[in-house]
Amino acid sequence: LCCPYLADALLKNHTTTKLELLHNSIGQTLLQKIDDILAGQRLVSTEKQTSGRSSLFFDKLVALEKGGPDINEKLEVISMFITDVHMMKFYYTAVSIFLCSGVLTQEAASHHIRRGLHTTSETCCCSGSISFFKLILEKAESDQHIQRIDFHRYDNWAEVNRMESA
């Protein structure tokens with residue numbers, strides 16, 4: 001089953017393929033999308049990142065296909081492995097899929113998005129990552145995961161981190 005409104009939402013999140021809502025195929029579809037993107041482009045990395053941490057992020061993201069009652073715990077762990085804004089894009093998309101499919105409540109999804117934004121704000125090190133981070137913040141605000149004051153708080157944290165990295 002493919003959900004057209006989900007596909008439109010994902011396209012707005014800058015993904016280019018439709019993801020199926022079948023709970024057991026989420027991980028497979030995410031893995032395929034990750035493979036496609038990694039084959040076509042290199043992810044922007046910072047000096048703070050290590051390839052091992054990035055690899056763990058994608059491994060854990062793909063493992064979400066198993067779902068289960070501990071999905072919130074899995075998402076908490078995954079958020080700690082976000083090392084750049086591109087990973088936040090994948091994380092945001094995964095959380096949105098679980099929200100649309102009814103696996104997560106709006107409150108739980110907002111919690112995970114805020115946690116991911118906090119982690120991502122610490123990884124912004126250049127004007128390009130700040131610009132992309134602001135787009136993610138705008139999306140989170142329009143999806144009502146954060147309020148306007150949170151938008152400015154996360155933006156400020158990211159700007160301070162960028163200045164420290166300069």
# chains A, B, ... in the order shown; residues from 1 in each chain; ligands from 1
>>> residues_around(residues="A:Gln106", least_positions_apart="2", cutoff="12 Å", atoms="only C-alpha atoms", output="MDAnalysis selection string")
chainID A and resid 95:104 108:113 143:146
>>> residues_around(residues="A:Leu75", least_positions_apart="4", cutoff="10 Å", atoms="only C-alpha atoms", output="JSON, numbers by chain")
{"A": [60, 61, 64, 70, 71, 79, 80, 91, 94, 95, 109, 112, 113, 115, 116]}
>>> write_last_selection(atoms="N, CA and C atoms", output="mmCIF file, in the first residue's frame")
data_model
loop_
_atom_site.group_PDB
_atom_site.id
_atom_site.type_symbol
_atom_site.label_atom_id
_atom_site.label_comp_id
_atom_site.auth_asym_id
_atom_site.auth_seq_id
_atom_site.Cartn_x
_atom_site.Cartn_y
_atom_site.Cartn_z
ATOM 1 N N LYS A 60 21.025 1.411 12.577
ATOM 2 C CA LYS A 60 19.915 1.460 13.528
ATOM 3 C C LYS A 60 18.625 1.953 12.866
ATOM 4 N N LEU A 61 18.758 2.862 11.917
ATOM 5 C CA LEU A 61 17.590 3.352 11.193
ATOM 6 C C LEU A 61 16.942 2.230 10.384
ATOM 7 N N LEU A 64 14.754 -0.339 12.218
ATOM 8 C CA LEU A 64 13.419 0.068 12.658
ATOM 9 C C LEU A 64 12.314 -0.767 12.025
ATOM 10 N N ASP A 70 9.008 -1.133 21.647
ATOM 11 C CA ASP A 70 10.124 -0.290 22.071
ATOM 12 C C ASP A 70 10.574 0.681 20.980
ATOM 13 N N ILE A 71 9.674 1.045 20.077
ATOM 14 C CA ILE A 71 10.014 1.948 18.981
ATOM 15 C C ILE A 71 10.493 3.298 19.512
ATOM 16 N N SER A 79 18.609 8.978 17.604
ATOM 17 C CA SER A 79 18.818 10.437 17.621
ATOM 18 C C SER A 79 20.201 10.805 18.138
ATOM 19 N N MET A 80 20.782 9.967 18.957
ATOM 20 C CA MET A 80 22.121 10.248 19.486
ATOM 21 C C MET A 80 23.213 10.063 18.441
ATOM 22 N N TYR A 91 16.062 10.943 9.608
ATOM 23 C CA TYR A 91 15.429 10.710 10.910
ATOM 24 C C TYR A 91 14.025 11.333 10.921
ATOM 25 N N ALA A 94 11.676 9.205 8.899
ATOM 26 C CA ALA A 94 11.294 7.969 9.596
ATOM 27 C C ALA A 94 10.247 8.256 10.673
ATOM 28 N N VAL A 95 10.467 9.303 11.457
ATOM 29 C CA VAL A 95 9.506 9.663 12.504
ATOM 30 C C VAL A 95 8.153 10.020 11.865
ATOM 31 N N ALA A 109 6.022 11.818 18.471
ATOM 32 C CA ALA A 109 6.744 12.244 17.267
ATOM 33 C C ALA A 109 7.409 13.603 17.500
ATOM 34 N N HIS A 112 10.538 13.217 19.597
ATOM 35 C CA HIS A 112 11.674 12.679 18.845
ATOM 36 C C HIS A 112 12.242 13.711 17.878
ATOM 37 N N ILE A 113 11.375 14.497 17.252
ATOM 38 C CA ILE A 113 11.847 15.537 16.345
ATOM 39 C C ILE A 113 12.656 16.580 17.120
ATOM 40 N N ARG A 115 14.262 16.177 19.899
ATOM 41 C CA ARG A 115 15.528 15.558 20.317
ATOM 42 C C ARG A 115 16.518 15.520 19.144
ATOM 43 N N GLY A 116 16.020 15.164 17.974
ATOM 44 C CA GLY A 116 16.873 15.157 16.789
ATOM 45 C C GLY A 116 17.368 16.546 16.421
#
>>> atom_distance(atom1="atom CA of A:Met87", atom2="atom CA of A:Asn156")
20.0 Å
>>> residues_around(residues="A:His118", least_positions_apart="4", cutoff="12 Å", atoms="only C-alpha atoms", output="list in words")
Ser79, Met80, Phe81, Ile82, Thr83, Asp84, Val85, Met88, His111, His112, Ile113, Arg114, Glu122, Thr123, Cys124, Phe133, Ile136, Leu137, Ile146, Asp150, Phe151, Arg153, Tyr154, Asp155, Asn156, Trp157, Ala158 and Asn161 of chain A
>>> atom_distance(atom1="atom CA of A:Tyr92", atom2="atom CA of A:Ser131")
16.6 Å
>>> decode(residues="stretch 81-95 of chain A", atoms="all heavy atoms", output="mmCIF file, in the first residue's frame")
data_model
loop_
_atom_site.group_PDB
_atom_site.id
_atom_site.type_symbol
_atom_site.label_atom_id
_atom_site.label_comp_id
_atom_site.auth_asym_id
_atom_site.auth_seq_id
_atom_site.Cartn_x
_atom_site.Cartn_y
_atom_site.Cartn_z
ATOM 1 N N PHE A 81 22.897 9.371 17.343
ATOM 2 C CA PHE A 81 23.894 9.104 16.310
ATOM 3 C C PHE A 81 23.791 10.047 15.117
ATOM 4 O O PHE A 81 24.484 9.866 14.119
ATOM 5 C CB PHE A 81 23.783 7.646 15.841
ATOM 6 C CG PHE A 81 24.219 6.659 16.875
ATOM 7 C CD1 PHE A 81 23.283 5.981 17.647
ATOM 8 C CD2 PHE A 81 25.565 6.417 17.109
ATOM 9 C CE1 PHE A 81 23.681 5.079 18.608
ATOM 10 C CE2 PHE A 81 25.973 5.520 18.070
ATOM 11 C CZ PHE A 81 25.035 4.845 18.827
ATOM 12 N N ILE A 82 22.940 11.054 15.203
ATOM 13 C CA ILE A 82 22.832 12.039 14.122
ATOM 14 C C ILE A 82 24.106 12.878 14.119
ATOM 15 O O ILE A 82 24.461 13.475 15.129
ATOM 16 C CB ILE A 82 21.591 12.938 14.311
ATOM 17 C CG1 ILE A 82 20.310 12.110 14.218
ATOM 18 C CG2 ILE A 82 21.587 14.066 13.285
ATOM 19 C CD1 ILE A 82 19.054 12.870 14.591
ATOM 20 N N THR A 83 24.785 12.901 12.975
ATOM 21 C CA THR A 83 26.040 13.648 12.894
ATOM 22 C C THR A 83 26.013 14.789 11.879
ATOM 23 O O THR A 83 26.996 15.507 11.756
ATOM 24 C CB THR A 83 27.222 12.719 12.552
ATOM 25 O OG1 THR A 83 26.961 12.083 11.302
ATOM 26 C CG2 THR A 83 27.437 11.683 13.634
ATOM 27 N N ASP A 84 24.916 14.945 11.140
ATOM 28 C CA ASP A 84 24.794 16.092 10.245
ATOM 29 C C ASP A 84 23.334 16.294 9.845
ATOM 30 O O ASP A 84 22.473 15.481 10.188
ATOM 31 C CB ASP A 84 25.705 15.977 9.017
ATOM 32 C CG ASP A 84 25.367 14.818 8.091
ATOM 33 O OD1 ASP A 84 24.200 14.375 8.071
ATOM 34 O OD2 ASP A 84 26.269 14.362 7.374
ATOM 35 N N VAL A 85 23.080 17.371 9.132
ATOM 36 C CA VAL A 85 21.702 17.713 8.772
ATOM 37 C C VAL A 85 21.087 16.713 7.808
ATOM 38 O O VAL A 85 19.871 16.530 7.795
ATOM 39 C CB VAL A 85 21.589 19.148 8.207
ATOM 40 C CG1 VAL A 85 21.904 20.173 9.267
ATOM 41 C CG2 VAL A 85 22.470 19.342 6.988
ATOM 42 N N HIS A 86 21.912 16.040 7.031
ATOM 43 C CA HIS A 86 21.375 15.038 6.103
ATOM 44 C C HIS A 86 20.800 13.844 6.867
ATOM 45 O O HIS A 86 19.764 13.303 6.489
ATOM 46 C CB HIS A 86 22.452 14.589 5.121
ATOM 47 C CG HIS A 86 22.960 15.710 4.285
ATOM 48 N ND1 HIS A 86 22.227 16.280 3.264
ATOM 49 C CD2 HIS A 86 24.123 16.403 4.332
ATOM 50 C CE1 HIS A 86 22.916 17.250 2.720
ATOM 51 N NE2 HIS A 86 24.071 17.353 3.347
ATOM 52 N N MET A 87 21.462 13.464 7.918
ATOM 53 C CA MET A 87 20.946 12.374 8.751
ATOM 54 C C MET A 87 19.655 12.796 9.435
ATOM 55 O O MET A 87 18.750 11.985 9.590
ATOM 56 C CB MET A 87 21.980 11.944 9.780
ATOM 57 C CG MET A 87 23.121 11.200 9.183
ATOM 58 S SD MET A 87 24.248 10.710 10.475
ATOM 59 C CE MET A 87 25.497 9.920 9.493
ATOM 60 N N MET A 88 19.567 14.059 9.820
ATOM 61 C CA MET A 88 18.339 14.551 10.434
ATOM 62 C C MET A 88 17.184 14.454 9.450
ATOM 63 O O MET A 88 16.054 14.155 9.831
ATOM 64 C CB MET A 88 18.518 15.999 10.920
ATOM 65 C CG MET A 88 17.287 16.586 11.572
ATOM 66 S SD MET A 88 16.751 15.641 13.018
ATOM 67 C CE MET A 88 15.128 16.328 13.271
ATOM 68 N N LYS A 89 17.462 14.664 8.181
ATOM 69 C CA LYS A 89 16.432 14.538 7.147
ATOM 70 C C LYS A 89 15.880 13.108 7.129
ATOM 71 O O LYS A 89 14.668 12.900 7.106
ATOM 72 C CB LYS A 89 17.004 14.917 5.786
ATOM 73 C CG LYS A 89 16.028 14.767 4.644
ATOM 74 C CD LYS A 89 16.614 15.233 3.324
ATOM 75 C CE LYS A 89 17.740 14.332 2.892
ATOM 76 N NZ LYS A 89 18.227 14.620 1.542
ATOM 77 N N PHE A 90 16.753 12.128 7.180
ATOM 78 C CA PHE A 90 16.317 10.723 7.219
ATOM 79 C C PHE A 90 15.540 10.433 8.500
ATOM 80 O O PHE A 90 14.513 9.759 8.486
ATOM 81 C CB PHE A 90 17.508 9.772 7.130
ATOM 82 C CG PHE A 90 18.108 9.676 5.763
ATOM 83 C CD1 PHE A 90 19.400 10.100 5.530
ATOM 84 C CD2 PHE A 90 17.385 9.151 4.703
ATOM 85 C CE1 PHE A 90 19.968 10.002 4.279
ATOM 86 C CE2 PHE A 90 17.945 9.047 3.441
ATOM 87 C CZ PHE A 90 19.239 9.475 3.229
ATOM 88 N N TYR A 91 16.062 10.943 9.608
ATOM 89 C CA TYR A 91 15.429 10.710 10.910
ATOM 90 C C TYR A 91 14.025 11.333 10.921
ATOM 91 O O TYR A 91 13.063 10.704 11.348
ATOM 92 C CB TYR A 91 16.305 11.311 12.010
ATOM 93 C CG TYR A 91 15.797 11.092 13.411
ATOM 94 C CD1 TYR A 91 15.909 9.851 14.023
ATOM 95 C CD2 TYR A 91 15.222 12.134 14.136
ATOM 96 C CE1 TYR A 91 15.458 9.645 15.319
ATOM 97 C CE2 TYR A 91 14.768 11.942 15.423
ATOM 98 C CZ TYR A 91 14.891 10.689 16.006
ATOM 99 O OH TYR A 91 14.439 10.491 17.286
ATOM 100 N N TYR A 92 13.924 12.558 10.438
ATOM 101 C CA TYR A 92 12.637 13.251 10.387
ATOM 102 C C TYR A 92 11.646 12.453 9.539
ATOM 103 O O TYR A 92 10.475 12.280 9.906
ATOM 104 C CB TYR A 92 12.830 14.655 9.812
ATOM 105 C CG TYR A 92 11.672 15.597 10.041
ATOM 106 C CD1 TYR A 92 11.780 16.662 10.920
ATOM 107 C CD2 TYR A 92 10.472 15.429 9.354
ATOM 108 C CE1 TYR A 92 10.728 17.525 11.122
ATOM 109 C CE2 TYR A 92 9.410 16.295 9.552
ATOM 110 C CZ TYR A 92 9.543 17.341 10.434
ATOM 111 O OH TYR A 92 8.498 18.198 10.634
ATOM 112 N N THR A 93 12.115 11.956 8.409
ATOM 113 C CA THR A 93 11.256 11.174 7.520
ATOM 114 C C THR A 93 10.779 9.901 8.206
ATOM 115 O O THR A 93 9.598 9.544 8.125
ATOM 116 C CB THR A 93 11.997 10.842 6.210
ATOM 117 O OG1 THR A 93 12.386 12.066 5.585
ATOM 118 C CG2 THR A 93 11.119 10.040 5.267
ATOM 119 N N ALA A 94 11.676 9.205 8.899
ATOM 120 C CA ALA A 94 11.294 7.969 9.596
ATOM 121 C C ALA A 94 10.247 8.256 10.673
ATOM 122 O O ALA A 94 9.244 7.542 10.783
ATOM 123 C CB ALA A 94 12.528 7.312 10.213
ATOM 124 N N VAL A 95 10.467 9.303 11.457
ATOM 125 C CA VAL A 95 9.506 9.663 12.504
ATOM 126 C C VAL A 95 8.153 10.020 11.865
ATOM 127 O O VAL A 95 7.102 9.610 12.361
ATOM 128 C CB VAL A 95 10.037 10.824 13.381
ATOM 129 C CG1 VAL A 95 8.963 11.342 14.326
ATOM 130 C CG2 VAL A 95 11.256 10.371 14.180
#
